[in-house]
Amino acid sequence: MARVVMLQQASPQSPKLSSLLPSSLSEFNGSAFRISIKSRRKALQPNGSFQVTASSAKKILIMGGTRFIGVFLTRLLVKEGHQVTLFTRGKAPITQQLPGESDQEYEEFKSKVLHLKGDRKDSEFVKSSLAAEGFEVVYDINGREAVEAEPILDALPNLEQYIYCSSAGVYLKSDLLPHFESDAVDPKSRHKGKLETESLLDSKGVNWTSLRPVYIYGPLNYNPVEEWFFHRLKAGRPIPIPNSGVQITQLGHVKDLADAFVKVLGNPKASKQVYNISGSKYVTFNGLARACAKAAGFPEPEIINYNPKKFDFGKKKAFPFRDQHFFASIEKAQTELNWKPEFGLIDGLADSYNLDFGRGTYRKEADFSTDDIILGKSLVLQN
């Protein structure tokens with residue numbers, strides 16, 4: 001059974017309570033989960049404030065970790081021998097069995113995962129509970145605002161490394177692409193909270209690393225990225241894509257992202273650095289529709305390019321990607337972290353489809369209402 005430590009705020013008259021609870025089981029199971037674990041790090045000599053020795057077992061806290069990225073990251077860290085604790089509100093199962101895992105493998109993994117139950121927005125509880133545990137490394141997967149990171153830093157003055165999941169969405173829109181880590185950022189972007197968190201980490205003088213994924217895809221994806229296409233392909237419907245469809249974007253597989261998160265642990269080159277993480281290929285919107293069809297074994301789809309300015313969709317989103325060129329260079333991560341994506345776009349999409357949507361599991365039901373609006377009008381762009 002997974003060891004689940006429930007921490008409750010203690011009243012002045014009562015001590016902090018802890019109890020062991022079994023985690024819920026998931027029905028997500030099946031066939032073929034693979035991530036290679038590479039032994040690749042030597043013990044590091046202390047250098048200033050950077051004292052992480054990645055080859056030794058670390059006491060690691062993951063903020064979040066039960067939905068998508070953390071599911072795969074946790075497995076990698078446990079396999080490397082680290083003690084991993086997930087901090088969540090406890091509303092979702094703490095662990096879930098993945099395709100390819102035998103019952104024995106899953107039970108062994110589950111038994112090694114700890115859980116702290118709490119709300120990260122309750123800063124006083126975060127400080128008291130984390131200070132009592134003395135974590136050495138923090139992976140902040142679900143942080144959105146700088147104010148959410150501050151109590152973690154206050155609670156762990158001897159923290160060796162703070163590893164943050166940021167976003168390539170922080171970059172200022174530009175005609176010059178791909179985005180590099182040194183590019184101008186947009187303080188007004190919807191990801192400004194992540195940008196402010198990076199600034200906070202830097203100002204605090206802690207040893208930090210931030211990863212900036214572009215679009216993430218793969219099994220368990222709760223964002224409608226590949227799933228949006230799969231729903232339409234399965235239904236045999238045309239795929240509506242805004243404007244010409246030659247807008248260039250970039251997707252990175254969640255397992256490659258998880259591997260990058262492990263690569264920065266204890267890596268002296270990663271100290272106080274940001275890294276773009278995604279796939280090695282760029283793809284057009286039209287090309288992505290065809291790639292999803294090929295990966296899932298569907299016929300080549302009919303693509304309808306339309307002018308979005310001619311439609312009023314209300315508050316509904318007609319397409320899951322930002323309607324612009326948006327991609328980033330991953331050269332820095334490849335060079336400094338000795339990391340490279342293992343998944344090409346087609347085989348990555350096939351992995352996602354075969355282990356998730358193709359098994360009948362997905363996050364959101366199909367909604368073709370905006371498609372019907374588009375297809376019901378004769379405002380399709382002429383090629």
# chains A, B, ... in the order shown; residues from 1 in each chain; ligands from 1
$ select_by_dssp --residues "region 75-271 of chain A" --states "alpha helix (DSSP H)" --output "CSV table (one decimal) with C-alpha atoms, in the first residue's frame"
chain,number,residue,atom,x,y,z
A,75,ARG,CA,8.4,6.9,-11.1
A,76,LEU,CA,11.8,8.0,-12.4
A,77,LEU,CA,12.8,9.4,-9.1
A,78,VAL,CA,11.6,6.4,-7.1
A,79,LYS,CA,13.5,4.1,-9.5
A,103,ASP,CA,0.6,-5.6,-10.5
A,104,GLN,CA,3.8,-6.4,-8.7
A,105,GLU,CA,5.7,-3.5,-10.2
A,106,TYR,CA,2.9,-1.1,-9.3
A,107,GLU,CA,2.5,-2.3,-5.7
A,108,GLU,CA,6.3,-2.0,-5.2
A,109,PHE,CA,6.2,1.6,-6.6
A,110,LYS,CA,3.1,2.6,-4.6
A,123,SER,CA,0.9,29.4,3.7
A,124,GLU,CA,1.1,28.8,7.4
A,125,PHE,CA,0.3,25.2,7.1
A,126,VAL,CA,2.8,24.8,4.3
A,127,LYS,CA,5.5,26.4,6.4
A,128,SER,CA,4.8,24.3,9.5
A,129,SER,CA,4.4,21.0,7.7
A,130,LEU,CA,7.4,21.3,5.4
A,131,ALA,CA,9.7,22.6,8.1
A,132,ALA,CA,8.9,19.5,10.1
A,133,GLU,CA,9.9,17.2,7.2
A,146,ALA,CA,5.2,33.5,-6.8
A,147,VAL,CA,3.2,33.8,-3.6
A,148,GLU,CA,2.8,30.0,-3.6
A,149,ALA,CA,6.5,29.4,-3.7
A,150,GLU,CA,7.5,31.8,-0.9
A,151,PRO,CA,6.3,29.8,2.1
A,152,ILE,CA,8.1,26.7,0.7
A,153,LEU,CA,11.3,28.6,0.6
A,154,ASP,CA,10.7,30.0,4.1
A,155,ALA,CA,10.1,26.5,5.5
A,192,LYS,CA,3.2,36.0,-15.8
A,193,GLY,CA,2.9,34.2,-12.4
A,194,LYS,CA,5.4,31.6,-13.5
A,195,LEU,CA,7.7,34.4,-14.7
A,196,GLU,CA,7.4,36.1,-11.3
A,197,THR,CA,8.1,32.8,-9.6
A,198,GLU,CA,11.4,32.5,-11.5
A,199,SER,CA,12.3,36.0,-10.5
A,200,LEU,CA,11.5,35.3,-6.8
A,201,LEU,CA,13.7,32.2,-6.9
A,202,ASP,CA,16.5,34.1,-8.3
A,203,SER,CA,16.1,37.0,-5.8
A,226,GLU,CA,-3.8,15.5,-29.1
A,227,GLU,CA,-7.2,14.5,-27.6
A,228,TRP,CA,-8.9,17.3,-29.6
A,229,PHE,CA,-7.7,15.7,-32.8
A,230,PHE,CA,-8.4,12.1,-31.8
A,231,HIS,CA,-12.0,12.9,-30.9
A,232,ARG,CA,-12.6,14.2,-34.5
A,233,LEU,CA,-10.7,11.4,-36.2
A,234,LYS,CA,-12.6,8.8,-34.3
A,254,VAL,CA,5.6,14.1,-21.2
A,255,LYS,CA,8.0,11.3,-20.7
A,256,ASP,CA,10.8,13.3,-22.3
A,257,LEU,CA,9.9,16.2,-20.0
A,258,ALA,CA,10.0,13.9,-17.0
A,259,ASP,CA,13.5,12.8,-18.1
A,260,ALA,CA,14.6,16.4,-18.4
A,261,PHE,CA,13.4,17.1,-14.8
A,262,VAL,CA,15.6,14.2,-13.6
A,263,LYS,CA,18.6,15.4,-15.6
A,264,VAL,CA,18.7,18.8,-13.8
$ select_by_dssp --residues "region 135-261 of chain A" --states "strand (DSSP E)" --output "list in words"
Val137, Val138, Tyr139, Asp140, Gln161, Tyr162, Ile163, Tyr164, Cys165, Trp208, Thr209, Ser210, Leu211, Arg212, Pro213, Tyr215, Ile216, Tyr217, Ile239, Pro240, Ile241, Pro242, Ile248, Thr249, Leu251, Gly252 and His253 of chain A
$ closest_residue --among "A:Ile304, A:Ala184, A:Val138, A:Ala235" --to "Leu156 (chain A)" --atoms "only C-alpha atoms"
A:Val138
$ closest_residue --among "A:His253, A:Ile241, A:Ala291, A:Leu355" --to "Pro320 (chain A)" --atoms "only C-alpha atoms"
A:Ile241
$ atom_distance --atom1 "CA of Asn307 (chain A)" --atom2 "CA of Gly245 (chain A)"
10.5 Å
$ residues_around --residues "region 341-346 of chain A" --least-positions-apart "5" --cutoff "10 Å" --atoms "only C-alpha atoms" --output "PyMOL selection string"
chain A and resi 35-36+217+250-257+259-260+277-283+288+290-296+330+334+351-352
$ closest_residue --among "A:Gly218, A:Arg120, A:Lys204, A:Thr209" --to "Tyr362 (chain A)" --atoms "only C-alpha atoms"
A:Gly218
$ residues_around --residues "Val185 (chain A)" --least-positions-apart "2" --cutoff "8 Å" --atoms "only C-alpha atoms" --output "list in words"
Val170, Tyr171, Leu172, Asp183 and Pro187 of chain A
$ write_last_selection --atoms "C-alpha atoms" --output "PDB file, in the first residue's frame"
ATOM      1  CA  VAL A 170       6.320  33.485 -20.827  1.00  0.00           C
ATOM      2  CA  TYR A 171       8.135  34.647 -23.991  1.00  0.00           C
ATOM      3  CA  LEU A 172       7.161  37.868 -25.688  1.00  0.00           C
ATOM      4  CA  ASP A 183      14.676  36.025 -25.422  1.00  0.00           C
ATOM      5  CA  PRO A 187       5.273  40.419 -18.097  1.00  0.00           C
TER       6      PRO A 187
END
$ atom_distance --atom1 "CA of Ala168 (chain A)" --atom2 "CA of Ala328 (chain A)"
7.5 Å
